[in-house]
$ cat work29.tsv   # TSV, C-alpha atoms and all ligand atoms
chain	number	residue	atom	x	y	z
A	1	MET	CA	-31.22	-55.22	-14.95
A	2	ALA	CA	-28.30	-54.85	-12.60
A	3	ALA	CA	-27.24	-51.35	-11.59
A	4	PRO	CA	-24.38	-50.10	-13.76
A	5	HIS	CA	-20.93	-50.60	-12.33
A	6	ARG	CA	-19.67	-47.49	-10.47
A	7	PHE	CA	-16.78	-47.21	-12.93
A	8	ASP	CA	-19.39	-46.79	-15.63
A	9	PRO	CA	-19.79	-43.10	-16.58
A	10	THR	CA	-23.58	-43.53	-16.66
A	11	PHE	CA	-23.37	-43.73	-12.85
A	12	THR	CA	-22.24	-40.09	-12.90
A	13	ASP	CA	-25.26	-39.17	-15.04
A	14	ASN	CA	-27.53	-40.90	-12.53
A	15	VAL	CA	-26.09	-38.86	-9.68
A	16	ILE	CA	-26.46	-35.60	-11.64
A	17	ASN	CA	-29.97	-36.46	-12.79
A	18	SER	CA	-31.09	-37.08	-9.22
A	19	MET	CA	-31.30	-33.30	-8.66
A	20	GLY	CA	-34.90	-32.15	-8.24
A	21	PRO	CA	-36.88	-29.50	-10.14
A	22	LYS	CA	-36.54	-26.86	-7.39
A	23	THR	CA	-32.75	-26.63	-7.94
A	24	SER	CA	-31.82	-23.25	-9.44
A	25	PRO	CA	-30.33	-23.39	-12.96
A	26	ARG	CA	-26.99	-22.07	-11.71
A	27	MET	CA	-26.86	-24.56	-8.83
A	28	ARG	CA	-27.71	-27.38	-11.22
A	29	GLN	CA	-24.95	-26.29	-13.59
A	30	LEU	CA	-22.32	-25.94	-10.85
A	31	MET	CA	-23.18	-29.20	-9.09
A	32	ALA	CA	-23.35	-31.13	-12.37
A	33	GLY	CA	-19.91	-29.80	-13.30
A	34	LEU	CA	-18.45	-30.47	-9.87
A	35	ILE	CA	-19.83	-34.02	-9.70
A	36	ARG	CA	-18.66	-34.79	-13.24
A	37	HIS	CA	-15.14	-33.52	-12.57
A	38	VAL	CA	-14.63	-35.20	-9.21
A	39	HIS	CA	-16.00	-38.48	-10.57
A	40	ASP	CA	-13.69	-38.25	-13.59
A	41	PHE	CA	-10.83	-37.38	-11.22
A	42	ALA	CA	-11.55	-40.50	-9.17
A	43	ARG	CA	-11.91	-42.75	-12.25
A	44	GLU	CA	-8.84	-41.40	-14.07
A	45	ASN	CA	-6.64	-41.80	-11.02
A	46	GLU	CA	-8.24	-45.01	-9.77
A	47	LEU	CA	-8.59	-43.26	-6.44
A	48	THR	CA	-8.54	-45.65	-3.49
A	49	VAL	CA	-10.67	-45.44	-0.36
A	50	ASP	CA	-7.57	-44.60	1.70
A	51	GLU	CA	-6.63	-41.73	-0.62
A	52	TRP	CA	-10.17	-40.35	-0.66
A	53	MET	CA	-10.32	-40.57	3.15
A	54	ALA	CA	-7.02	-38.68	3.42
A	55	GLY	CA	-8.68	-35.89	1.43
A	56	VAL	CA	-11.74	-35.93	3.69
A	57	GLN	CA	-9.51	-35.73	6.75
A	58	MET	CA	-7.66	-32.78	5.24
A	59	LEU	CA	-10.97	-30.92	4.72
A	60	ASN	CA	-12.04	-31.70	8.29
A	61	TRP	CA	-8.66	-30.56	9.62
A	62	ALA	CA	-9.02	-27.28	7.71
A	63	GLY	CA	-12.47	-26.81	9.21
A	64	ARG	CA	-11.24	-27.47	12.75
A	65	MET	CA	-8.39	-24.98	12.31
A	66	SER	CA	-10.60	-22.19	11.03
A	67	ASP	CA	-12.03	-19.40	13.16
A	68	ASP	CA	-12.27	-15.62	12.90
A	69	LYS	CA	-8.48	-15.33	12.93
A	70	ARG	CA	-7.68	-18.11	10.52
A	71	ASN	CA	-9.34	-19.15	7.28
A	72	GLU	CA	-7.62	-22.42	6.48
A	73	GLY	CA	-10.16	-23.51	3.84
A	74	GLN	CA	-9.35	-20.38	1.86
A	75	LEU	CA	-5.62	-20.98	2.30
A	76	VAL	CA	-5.97	-24.53	0.97
A	77	CYS	CA	-7.72	-23.07	-2.10
A	78	ASP	CA	-4.93	-20.48	-2.38
A	79	VAL	CA	-2.05	-22.96	-2.49
A	80	ILE	CA	-3.72	-24.85	-5.35
A	81	GLY	CA	-4.29	-21.59	-7.24
A	82	LEU	CA	-8.09	-21.67	-7.03
A	83	GLU	CA	-8.66	-18.23	-5.50
A	84	SER	CA	-6.32	-16.68	-8.10
A	85	LEU	CA	-8.09	-18.50	-10.93
A	86	VAL	CA	-11.57	-17.36	-9.89
A	87	ASP	CA	-10.23	-13.84	-9.36
A	88	GLU	CA	-8.90	-13.86	-12.93
A	89	ILE	CA	-12.16	-15.25	-14.32
A	90	THR	CA	-14.20	-12.63	-12.47
A	91	PHE	CA	-11.93	-9.78	-13.59
A	92	THR	CA	-11.93	-10.93	-17.22
A	93	LEU	CA	-15.72	-11.31	-17.39
A	94	ALA	CA	-16.19	-7.86	-15.84
A	95	HIS	CA	-13.77	-6.05	-18.15
A	96	GLU	CA	-13.84	-7.37	-21.68
A	97	ALA	CA	-12.40	-4.01	-22.78
A	98	ALA	CA	-8.81	-4.19	-23.98
A	99	ASP	CA	-7.79	-1.26	-21.79
A	100	ALA	CA	-8.28	-2.66	-18.30
A	101	PRO	CA	-8.51	-0.67	-15.06
A	102	THR	CA	-6.37	-1.58	-12.06
A	103	ALA	CA	-5.95	-5.35	-12.01
A	104	THR	CA	-7.50	-7.32	-9.18
A	105	ALA	CA	-5.76	-9.85	-6.97
A	106	ILE	CA	-7.03	-12.26	-4.36
A	107	LEU	CA	-8.37	-11.09	-1.00
A	108	GLY	CA	-6.48	-13.75	0.94
A	109	PRO	CA	-7.30	-15.16	4.37
A	110	PHE	CA	-6.14	-12.22	6.51
A	111	PHE	CA	-8.63	-9.52	5.58
A	112	ARG	CA	-10.56	-8.07	8.55
A	113	ALA	CA	-13.88	-6.41	7.86
A	114	ASP	CA	-13.73	-4.34	11.07
A	115	THR	CA	-10.54	-2.39	10.30
A	116	PRO	CA	-10.63	1.13	11.83
A	117	TRP	CA	-10.73	4.38	9.90
A	118	ARG	CA	-7.56	6.43	10.14
A	119	ASP	CA	-6.80	9.99	9.02
A	120	ASN	CA	-4.68	10.60	5.97
A	121	GLY	CA	-1.07	10.96	7.06
A	122	ALA	CA	-1.49	8.41	9.86
A	123	ASP	CA	1.05	5.69	10.59
A	124	ILE	CA	-0.42	2.18	10.36
A	125	VAL	CA	2.77	0.84	11.97
A	126	VAL	CA	1.63	0.97	15.61
A	127	THR	CA	3.82	-1.89	16.82
A	128	LYS	CA	7.14	-0.97	15.19
A	129	PRO	CA	9.50	-3.84	14.47
A	130	ASP	CA	13.19	-3.03	15.08
A	131	ASP	CA	14.12	-3.94	11.53
A	132	ALA	CA	11.35	-1.83	9.97
A	133	GLU	CA	11.96	0.04	6.75
A	134	MET	CA	9.32	2.75	6.77
A	135	ALA	CA	7.57	3.94	3.61
A	136	PHE	CA	5.21	6.77	2.78
A	137	MET	CA	2.49	5.41	0.53
A	138	HIS	CA	0.24	7.78	-1.39
A	139	GLY	CA	-1.82	8.05	-4.51
A	140	ARG	CA	-5.20	8.90	-5.90
A	141	ILE	CA	-8.37	6.96	-6.48
A	142	ILE	CA	-9.41	7.69	-10.05
A	143	ASP	CA	-12.47	7.09	-12.20
A	144	PHE	CA	-11.11	4.83	-14.94
A	145	ALA	CA	-13.46	6.22	-17.62
A	146	THR	CA	-12.82	9.93	-17.05
A	147	GLN	CA	-9.44	9.74	-15.26
A	148	LYS	CA	-10.92	12.20	-12.74
A	149	PRO	CA	-10.05	11.83	-9.04
A	150	LEU	CA	-12.73	10.43	-6.76
A	151	VAL	CA	-13.35	12.45	-3.61
A	152	GLY	CA	-14.37	10.57	-0.46
A	153	ALA	CA	-13.49	7.14	-1.85
A	154	SER	CA	-12.28	4.63	0.72
A	155	VAL	CA	-8.98	2.74	0.61
A	156	GLU	CA	-8.36	-0.06	3.02
A	157	VAL	CA	-4.86	-1.51	3.36
A	158	TRP	CA	-3.31	-4.36	5.31
A	159	GLN	CA	0.13	-5.94	5.45
A	160	ALA	CA	2.15	-8.45	7.46
A	161	SER	CA	4.91	-7.35	9.82
A	162	THR	CA	8.60	-8.10	9.27
A	163	ASN	CA	8.27	-11.28	11.35
A	164	GLY	CA	5.93	-12.66	8.69
A	165	LEU	CA	2.78	-12.34	10.77
A	166	TYR	CA	-0.43	-10.36	10.35
A	167	GLU	CA	-1.58	-8.78	13.62
A	168	GLN	CA	-4.33	-11.34	14.26
A	169	GLN	CA	-1.72	-14.11	14.09
A	170	ASP	CA	0.64	-12.39	16.51
A	171	PRO	CA	-0.12	-11.68	20.20
A	172	ASN	CA	2.81	-9.23	20.27
A	173	GLN	CA	1.19	-6.83	17.82
A	174	VAL	CA	-1.42	-4.29	18.86
A	175	GLU	CA	-4.85	-5.05	17.45
A	176	PHE	CA	-5.27	-3.60	13.93
A	177	ASN	CA	-1.53	-2.95	13.65
A	178	LEU	CA	-0.58	-2.56	9.96
A	179	ARG	CA	-4.20	-2.03	8.92
A	180	GLY	CA	-6.09	1.11	8.12
A	181	LYS	CA	-9.02	2.52	6.24
A	182	PHE	CA	-8.60	5.94	4.61
A	183	LYS	CA	-10.89	8.35	2.80
A	184	THR	CA	-9.61	10.29	-0.20
A	185	ASP	CA	-9.40	14.06	0.24
A	186	ALA	CA	-10.73	16.84	-2.00
A	187	ASP	CA	-8.08	15.95	-4.64
A	188	GLY	CA	-8.90	12.24	-4.51
A	189	ARG	CA	-5.70	11.55	-2.59
A	190	TYR	CA	-4.91	9.10	0.19
A	191	TYR	CA	-1.61	8.94	2.10
A	192	PHE	CA	-0.17	7.15	5.11
A	193	TYR	CA	2.96	5.56	6.54
A	194	CYS	CA	3.50	1.81	6.36
A	195	LEU	CA	6.26	-0.76	6.27
A	196	ARG	CA	8.15	-1.73	3.21
A	197	PRO	CA	6.62	-5.20	3.04
A	198	THR	CA	8.85	-8.26	3.35
A	199	PRO	CA	8.41	-11.78	1.97
A	200	TYR	CA	6.93	-14.32	4.35
A	201	PRO	CA	5.60	-17.89	4.48
A	202	VAL	CA	1.88	-18.60	4.53
A	203	PRO	CA	0.95	-20.50	7.72
A	204	ASP	CA	2.31	-24.00	7.15
A	205	ASP	CA	1.32	-25.72	10.39
A	206	GLY	CA	-2.04	-26.88	8.99
A	207	PRO	CA	-3.41	-28.75	5.98
A	208	ALA	CA	-2.33	-26.07	3.48
A	209	GLY	CA	1.25	-26.41	4.77
A	210	LYS	CA	0.98	-30.19	4.68
A	211	LEU	CA	-0.18	-30.04	1.06
A	212	LEU	CA	2.73	-27.76	0.16
A	213	GLU	CA	5.16	-30.19	1.80
A	214	LEU	CA	3.61	-33.19	0.02
A	215	MET	CA	3.91	-31.31	-3.29
A	216	ASP	CA	7.53	-30.33	-2.47
A	217	ARG	CA	6.74	-26.63	-2.62
A	218	HIS	CA	7.84	-23.69	-0.46
A	219	PRO	CA	5.27	-21.60	1.46
A	220	PHE	CA	6.67	-18.13	0.65
A	221	ARG	CA	4.77	-15.17	-0.73
A	222	PRO	CA	6.49	-12.15	-2.23
A	223	ALA	CA	6.31	-8.93	-0.20
A	224	HIS	CA	2.93	-7.34	-0.74
A	225	ILE	CA	0.42	-4.78	0.51
A	226	HIS	CA	-3.30	-5.55	0.27
A	227	ILE	CA	-5.69	-2.89	-1.02
A	228	LEU	CA	-9.47	-2.78	-1.02
A	229	ALA	CA	-10.74	0.39	-2.71
A	230	THR	CA	-14.42	1.27	-2.80
A	231	HIS	CA	-16.56	4.20	-3.80
A	232	GLU	CA	-20.29	4.53	-4.10
A	233	GLY	CA	-21.44	3.73	-7.63
A	234	TYR	CA	-18.18	1.90	-8.49
A	235	ARG	CA	-17.17	-1.72	-8.54
A	236	PRO	CA	-15.18	-2.52	-5.35
A	237	LEU	CA	-11.57	-3.36	-6.16
A	238	THR	CA	-9.59	-5.96	-4.24
A	239	THR	CA	-5.93	-6.14	-5.11
A	240	GLN	CA	-2.35	-6.49	-3.87
A	241	ILE	CA	0.81	-4.67	-4.88
A	242	PHE	CA	4.21	-6.32	-4.95
A	243	ASP	CA	7.74	-5.00	-4.43
A	244	ARG	CA	9.73	-5.27	-7.68
A	245	LYS	CA	12.86	-6.18	-5.68
A	246	ASP	CA	11.28	-9.32	-4.21
A	247	LYS	CA	12.78	-12.69	-5.07
A	248	TYR	CA	9.47	-14.57	-4.95
A	249	LEU	CA	7.65	-12.63	-7.67
A	250	ASP	CA	7.95	-15.59	-10.05
A	251	ASN	CA	6.97	-18.26	-7.55
A	252	ASP	CA	4.33	-16.90	-5.21
A	253	SER	CA	2.96	-19.84	-3.19
A	254	VAL	CA	-0.60	-18.63	-3.90
A	255	PHE	CA	-0.11	-17.48	-7.53
A	256	ALA	CA	-1.39	-13.91	-7.07
A	257	VAL	CA	1.29	-11.82	-8.83
A	258	LYS	CA	0.41	-9.89	-12.00
A	259	ASP	CA	2.93	-7.73	-13.85
A	260	SER	CA	0.79	-4.61	-13.59
A	261	LEU	CA	0.72	-4.93	-9.80
A	262	ILE	CA	4.51	-4.76	-9.36
A	263	VAL	CA	5.62	-1.42	-7.85
A	264	ASP	CA	8.80	0.45	-7.03
A	265	PHE	CA	9.68	1.85	-3.64
A	266	VAL	CA	11.85	4.92	-4.25
A	267	PRO	CA	14.04	6.96	-1.88
A	268	ARG	CA	12.24	9.79	-0.12
A	269	ASP	CA	14.09	12.95	0.91
A	270	GLY	CA	13.45	15.17	3.90
A	271	ASP	CA	10.99	12.96	5.77
A	272	SER	CA	12.22	11.88	9.20
A	273	LYS	CA	9.51	9.21	9.37
A	274	ALA	CA	10.23	7.37	6.13
A	275	ALA	CA	13.23	6.89	3.86
A	276	LEU	CA	11.09	5.31	1.15
A	277	GLU	CA	8.09	6.36	-0.85
A	278	LEU	CA	5.53	4.53	-2.93
A	279	LYS	CA	3.02	6.20	-5.21
A	280	TYR	CA	0.08	4.11	-6.32
A	281	ASP	CA	-3.06	5.26	-8.10
A	282	VAL	CA	-6.11	3.01	-8.17
A	283	LYS	CA	-8.52	3.13	-11.10
A	284	LEU	CA	-12.10	2.19	-10.37
A	285	VAL	CA	-14.80	1.27	-12.85
A	286	ALA	CA	-18.40	2.40	-12.46
B	301	LIG	C1	-1.57	-14.11	2.54
B	301	LIG	O1	-0.99	-13.10	3.23
B	301	LIG	C2	-2.21	-13.77	1.42
B	301	LIG	O2	-2.24	-12.48	1.09
B	301	LIG	C3	-2.83	-14.74	0.64
B	301	LIG	C4	-3.52	-14.35	-0.61
B	301	LIG	C5	-2.75	-16.06	1.01
B	301	LIG	C6	-2.09	-16.40	2.16
B	301	LIG	C7	-1.49	-15.44	2.93
B	302	FE	FE	-1.28	-11.21	2.44

$ encode --input "work29.tsv" --output "structure tokens"
Amino acid sequence: MAAPHRFDPTFTDNVINSMGPKTSPRMRQLMAGLIRHVHDFARENELTVDEWMAGVQMLNWAGRMSDDKRNEGQLVCDVIGLESLVDEITFTLAHEAADAPTATAILGPFFRADTPWRDNGADIVVTKPDDAEMAFMHGRIIDFATQKPLVGASVEVWQASTNGLYEQQDPNQVEFNLRGKFKTDADGRYYFYCLRPTPYPVPDDGPAGKLLELMDRHPFRPAHIHILATHEGYRPLTTQIFDRKDKYLDNDSVFAVKDSLIVDFVPRDGDSKAALELKYDVKLVA
């Protein structure tokens, strides 16, 4: 009997069934799903060799562009909403309870694991842009179940400068500018000076930017500050907060905005370092 034509869906079953017995159940499930969906995608769209090869070249381009300062593969996932979708799935599975703790948001490609500790009250704006609007950010890390403050919890923050660049993208910023890791004090509080964040475009000189252009989409993200809060015995929380005044809240190029993560910068009196203030409490779940 002749082999089934490749258009025939039984071909897909053959590929899936070629997995051996040592494959883990989860791997088998994920690969079966992935193979089924990409085969269906190819069949439904009558994908040509040229179109498939363009996709391969985009993946290779993303790989070539990626290093410890740039995670282009992640950015490609971001512009098609995949990191936001898996973030939402993970959050929903973890918290079936109606009353949710602080919402999560995607980590994004500019996190640095080696960010230095700074003392509460420090200024993360080491390279100060001329057009900086300074803000005093403060809040508490709280146990979601008891609403009690958590002492000695860690809060890591990072943000882009007003020129739209994170420090690792910009040779004119001091290393670790606009990043810091803080420990909550005896009242569970953290506090530091930062910039009022400004909207900026995701890097669009690579495959993610090319995809955006081909889809006739803009690269802008609303102004945001990244937060990673951790405490022993609690689920680590990765999130971002967004300035309510931003014009890109409804069309973030990486689809990360959630209503509960929109915050208000308010005027701050009597502080020569900052004319604005932002209070943000983070609720962790054990
Ligand atoms: C960013 O700054 C970011 O936070 C995300 C999620 C994606 C691209 C650039
Ligand atoms: Fe970011």

$ residues_around --input "work29.tsv" --residues "Leu85 (chain A)" --least-positions-apart "2" --cutoff "12 Å" --atoms "all atoms listed in the file" --output "list in words"
Cys77, Asp78, Val79, Ile80, Gly81, Leu82, Glu83, Asp87, Glu88, Ile89, Thr90, Phe91, Thr92, Thr104, Ala105, Ile106, Val254, Phe255, Ala256 and Val257 of chain A

$ residues_near_ligand --input "work29.tsv" --ligand "ligand LIG 301 (chain B)" --cutoff "8 Å" --atoms "all atoms listed in the file" --output "PyMOL selection string"
chain A and resi 74-75+78-79+106-110+159-160+166+201-203+221+224+226+240+254+256

$ closest_residue --input "work29.tsv" --among "A:Trp52, A:Phe144, A:Phe11, A:Phe111" --to "ligand FE 302 (chain B)" --atoms "only C-alpha atoms and all ligand atoms"
A:Phe111

$ closest_residue --input "work29.tsv" --among "A:Arg112, A:Lys283, A:His39, A:Arg118" --to "ligand FE 302 (chain B)" --atoms "only C-alpha atoms and all ligand atoms"
A:Arg112

$ residues_around --input "work29.tsv" --residues "Asn120 (chain A)" --least-positions-apart "3" --cutoff "7 Å" --atoms "only C-alpha atoms" --output "list in words"
Phe182, Tyr190, Tyr191 and Phe192 of chain A

$ atom_distance --input "work29.tsv" --atom1 "CA of Asp252 (chain A)" --atom2 "CA of Pro219 (chain A)"
8.2 Å

$ atom_distance --input "work29.tsv" --atom1 "CA of Phe136 (chain A)" --atom2 "CA of Thr230 (chain A)"
21.1 Å

$ atom_distance --input "work29.tsv" --atom1 "CA of Lys279 (chain A)" --atom2 "CA of Glu133 (chain A)"
16.2 Å

$ closest_residue --input "work29.tsv" --among "A:Phe7, A:Trp117, A:Phe176, A:Phe220" --to "ligand FE 302 (chain B)" --atoms "all atoms listed in the file"
A:Phe220

$ residues_around --input "work29.tsv" --residues "Leu284 (chain A)" --least-positions-apart "5" --cutoff "10 Å" --atoms "all atoms listed in the file" --output "VMD selection string"
chain A and resid 101 to 103 141 to 145 147 149 to 150 153 229 to 231 233 to 237

$ decode --input "work29.tsv" --residues "region 93-208 of chain A" --atoms "C-alpha atoms" --output "PDB file, in the first residue's frame"
ATOM      1  CA  LEU A  93      -4.288  27.522  37.400  1.00  0.00           C
ATOM      2  CA  ALA A  94      -2.444  28.652  40.534  1.00  0.00           C
ATOM      3  CA  HIS A  95      -5.276  30.763  41.933  1.00  0.00           C
ATOM      4  CA  GLU A  96      -8.676  29.281  41.290  1.00  0.00           C
ATOM      5  CA  ALA A  97      -9.950  31.352  44.225  1.00  0.00           C
ATOM      6  CA  ALA A  98     -12.250  34.193  43.231  1.00  0.00           C
ATOM      7  CA  ASP A  99     -10.306  36.686  45.342  1.00  0.00           C
ATOM      8  CA  ALA A 100      -6.951  36.776  43.588  1.00  0.00           C
ATOM      9  CA  PRO A 101      -3.683  38.131  44.990  1.00  0.00           C
ATOM     10  CA  THR A 102      -1.594  40.624  43.027  1.00  0.00           C
ATOM     11  CA  ALA A 103      -1.933  39.792  39.343  1.00  0.00           C
ATOM     12  CA  THR A 104       1.099  38.556  37.451  1.00  0.00           C
ATOM     13  CA  ALA A 105       2.463  39.940  34.204  1.00  0.00           C
ATOM     14  CA  ILE A 106       5.171  38.746  31.868  1.00  0.00           C
ATOM     15  CA  LEU A 107       8.852  38.871  32.799  1.00  0.00           C
ATOM     16  CA  GLY A 108       9.897  40.256  29.424  1.00  0.00           C
ATOM     17  CA  PRO A 109      13.303  40.032  27.764  1.00  0.00           C
ATOM     18  CA  PHE A 110      15.162  42.639  29.850  1.00  0.00           C
ATOM     19  CA  PHE A 111      15.263  41.000  33.272  1.00  0.00           C
ATOM     20  CA  ARG A 112      18.782  40.569  34.698  1.00  0.00           C
ATOM     21  CA  ALA A 113      19.309  37.915  37.331  1.00  0.00           C
ATOM     22  CA  ASP A 114      22.430  39.631  38.709  1.00  0.00           C
ATOM     23  CA  THR A 115      20.817  42.927  39.767  1.00  0.00           C
ATOM     24  CA  PRO A 116      22.534  44.410  42.859  1.00  0.00           C
ATOM     25  CA  TRP A 117      20.961  44.827  46.277  1.00  0.00           C
ATOM     26  CA  ARG A 118      20.305  48.426  47.264  1.00  0.00           C
ATOM     27  CA  ASP A 119      19.252  49.940  50.587  1.00  0.00           C
ATOM     28  CA  ASN A 120      15.728  51.196  51.062  1.00  0.00           C
ATOM     29  CA  GLY A 121      15.627  54.879  50.185  1.00  0.00           C
ATOM     30  CA  ALA A 122      18.227  54.464  47.437  1.00  0.00           C
ATOM     31  CA  ASP A 123      17.920  56.077  44.022  1.00  0.00           C
ATOM     32  CA  ILE A 124      17.941  53.553  41.165  1.00  0.00           C
ATOM     33  CA  VAL A 125      18.348  56.456  38.719  1.00  0.00           C
ATOM     34  CA  VAL A 126      22.162  56.499  38.568  1.00  0.00           C
ATOM     35  CA  THR A 127      22.408  57.894  35.044  1.00  0.00           C
ATOM     36  CA  LYS A 128      19.868  60.726  35.226  1.00  0.00           C
ATOM     37  CA  PRO A 129      18.235  61.732  31.966  1.00  0.00           C
ATOM     38  CA  ASP A 130      17.678  65.487  31.572  1.00  0.00           C
ATOM     39  CA  ASP A 131      13.967  65.032  31.037  1.00  0.00           C
ATOM     40  CA  ALA A 132      13.526  62.772  34.078  1.00  0.00           C
ATOM     41  CA  GLU A 133      10.412  63.014  36.195  1.00  0.00           C
ATOM     42  CA  MET A 134      11.466  61.514  39.510  1.00  0.00           C
ATOM     43  CA  ALA A 135       9.119  59.428  41.650  1.00  0.00           C
ATOM     44  CA  PHE A 136       9.286  57.979  45.132  1.00  0.00           C
ATOM     45  CA  MET A 137       7.935  54.440  45.008  1.00  0.00           C
ATOM     46  CA  HIS A 138       7.008  52.636  48.199  1.00  0.00           C
ATOM     47  CA  GLY A 139       4.737  49.976  49.565  1.00  0.00           C
ATOM     48  CA  ARG A 140       4.563  46.810  51.562  1.00  0.00           C
ATOM     49  CA  ILE A 141       4.896  43.157  50.736  1.00  0.00           C
ATOM     50  CA  ILE A 142       1.912  41.438  52.312  1.00  0.00           C
ATOM     51  CA  ASP A 143       0.817  37.876  52.973  1.00  0.00           C
ATOM     52  CA  PHE A 144      -2.358  37.596  50.909  1.00  0.00           C
ATOM     53  CA  ALA A 145      -4.040  35.167  53.332  1.00  0.00           C
ATOM     54  CA  THR A 146      -3.457  37.103  56.561  1.00  0.00           C
ATOM     55  CA  GLN A 147      -2.858  40.600  55.114  1.00  0.00           C
ATOM     56  CA  LYS A 148       0.164  40.778  57.447  1.00  0.00           C
ATOM     57  CA  PRO A 149       3.351  42.488  56.235  1.00  0.00           C
ATOM     58  CA  LEU A 150       6.275  40.261  55.309  1.00  0.00           C
ATOM     59  CA  VAL A 151       9.585  41.250  56.869  1.00  0.00           C
ATOM     60  CA  GLY A 152      12.754  40.611  54.869  1.00  0.00           C
ATOM     61  CA  ALA A 153      10.934  39.903  51.611  1.00  0.00           C
ATOM     62  CA  SER A 154      12.795  40.911  48.472  1.00  0.00           C
ATOM     63  CA  VAL A 155      11.510  43.244  45.762  1.00  0.00           C
ATOM     64  CA  GLU A 156      13.398  43.584  42.539  1.00  0.00           C
ATOM     65  CA  VAL A 157      12.499  46.367  40.116  1.00  0.00           C
ATOM     66  CA  TRP A 158      13.653  47.398  36.653  1.00  0.00           C
ATOM     67  CA  GLN A 159      12.577  50.030  34.157  1.00  0.00           C
ATOM     68  CA  ALA A 160      13.655  51.615  30.875  1.00  0.00           C
ATOM     69  CA  SER A 161      15.077  55.130  30.738  1.00  0.00           C
ATOM     70  CA  THR A 162      13.315  58.061  29.064  1.00  0.00           C
ATOM     71  CA  ASN A 163      15.174  57.323  25.814  1.00  0.00           C
ATOM     72  CA  GLY A 164      13.312  54.016  25.622  1.00  0.00           C
ATOM     73  CA  LEU A 165      16.311  51.857  26.483  1.00  0.00           C
ATOM     74  CA  TYR A 166      17.085  49.485  29.334  1.00  0.00           C
ATOM     75  CA  GLU A 167      20.643  49.881  30.624  1.00  0.00           C
ATOM     76  CA  GLN A 168      21.957  46.754  28.886  1.00  0.00           C
ATOM     77  CA  GLN A 169      20.769  48.169  25.553  1.00  0.00           C
ATOM     78  CA  ASP A 170      22.421  51.534  26.099  1.00  0.00           C
ATOM     79  CA  PRO A 171      26.197  52.122  26.376  1.00  0.00           C
ATOM     80  CA  ASN A 172      25.489  55.585  27.838  1.00  0.00           C
ATOM     81  CA  GLN A 173      23.861  54.203  30.974  1.00  0.00           C
ATOM     82  CA  VAL A 174      25.854  52.963  33.946  1.00  0.00           C
ATOM     83  CA  GLU A 175      25.565  49.219  34.439  1.00  0.00           C
ATOM     84  CA  PHE A 176      22.477  48.317  36.514  1.00  0.00           C
ATOM     85  CA  ASN A 177      21.052  51.823  36.105  1.00  0.00           C
ATOM     86  CA  LEU A 178      17.293  51.762  36.807  1.00  0.00           C
ATOM     87  CA  ARG A 179      17.499  48.376  38.515  1.00  0.00           C
ATOM     88  CA  GLY A 180      17.571  47.455  42.152  1.00  0.00           C
ATOM     89  CA  LYS A 181      16.825  44.729  44.636  1.00  0.00           C
ATOM     90  CA  PHE A 182      15.381  45.762  48.008  1.00  0.00           C
ATOM     91  CA  LYS A 183      14.574  43.963  51.241  1.00  0.00           C
ATOM     92  CA  THR A 184      11.456  44.889  53.197  1.00  0.00           C
ATOM     93  CA  ASP A 185      12.058  46.429  56.619  1.00  0.00           C
ATOM     94  CA  ALA A 186      10.556  45.493  59.994  1.00  0.00           C
ATOM     95  CA  ASP A 187       7.162  46.845  58.832  1.00  0.00           C
ATOM     96  CA  GLY A 188       7.295  44.946  55.550  1.00  0.00           C
ATOM     97  CA  ARG A 189       8.036  48.153  53.664  1.00  0.00           C
ATOM     98  CA  TYR A 190      10.243  48.860  50.666  1.00  0.00           C
ATOM     99  CA  TYR A 191      10.972  52.326  49.251  1.00  0.00           C
ATOM    100  CA  PHE A 192      13.236  53.907  46.656  1.00  0.00           C
ATOM    101  CA  TYR A 193      13.478  56.621  44.017  1.00  0.00           C
ATOM    102  CA  CYS A 194      12.878  55.840  40.361  1.00  0.00           C
ATOM    103  CA  LEU A 195      11.736  57.474  37.149  1.00  0.00           C
ATOM    104  CA  ARG A 196       8.170  58.007  36.202  1.00  0.00           C
ATOM    105  CA  PRO A 197       8.268  55.456  33.393  1.00  0.00           C
ATOM    106  CA  THR A 198       7.637  56.558  29.818  1.00  0.00           C
ATOM    107  CA  PRO A 199       6.232  54.634  26.846  1.00  0.00           C
ATOM    108  CA  TYR A 200       8.780  53.151  24.486  1.00  0.00           C
ATOM    109  CA  PRO A 201       9.093  50.833  21.470  1.00  0.00           C
ATOM    110  CA  VAL A 202      10.281  47.254  21.862  1.00  0.00           C
ATOM    111  CA  PRO A 203      13.460  46.707  19.809  1.00  0.00           C
ATOM    112  CA  ASP A 204      12.253  46.638  16.203  1.00  0.00           C
ATOM    113  CA  ASP A 205      15.510  46.104  14.331  1.00  0.00           C
ATOM    114  CA  GLY A 206      15.191  42.298  14.428  1.00  0.00           C
ATOM    115  CA  PRO A 207      12.655  39.600  13.556  1.00  0.00           C
ATOM    116  CA  ALA A 208      10.135  40.743  16.184  1.00  0.00           C
TER     117      ALA A 208
END
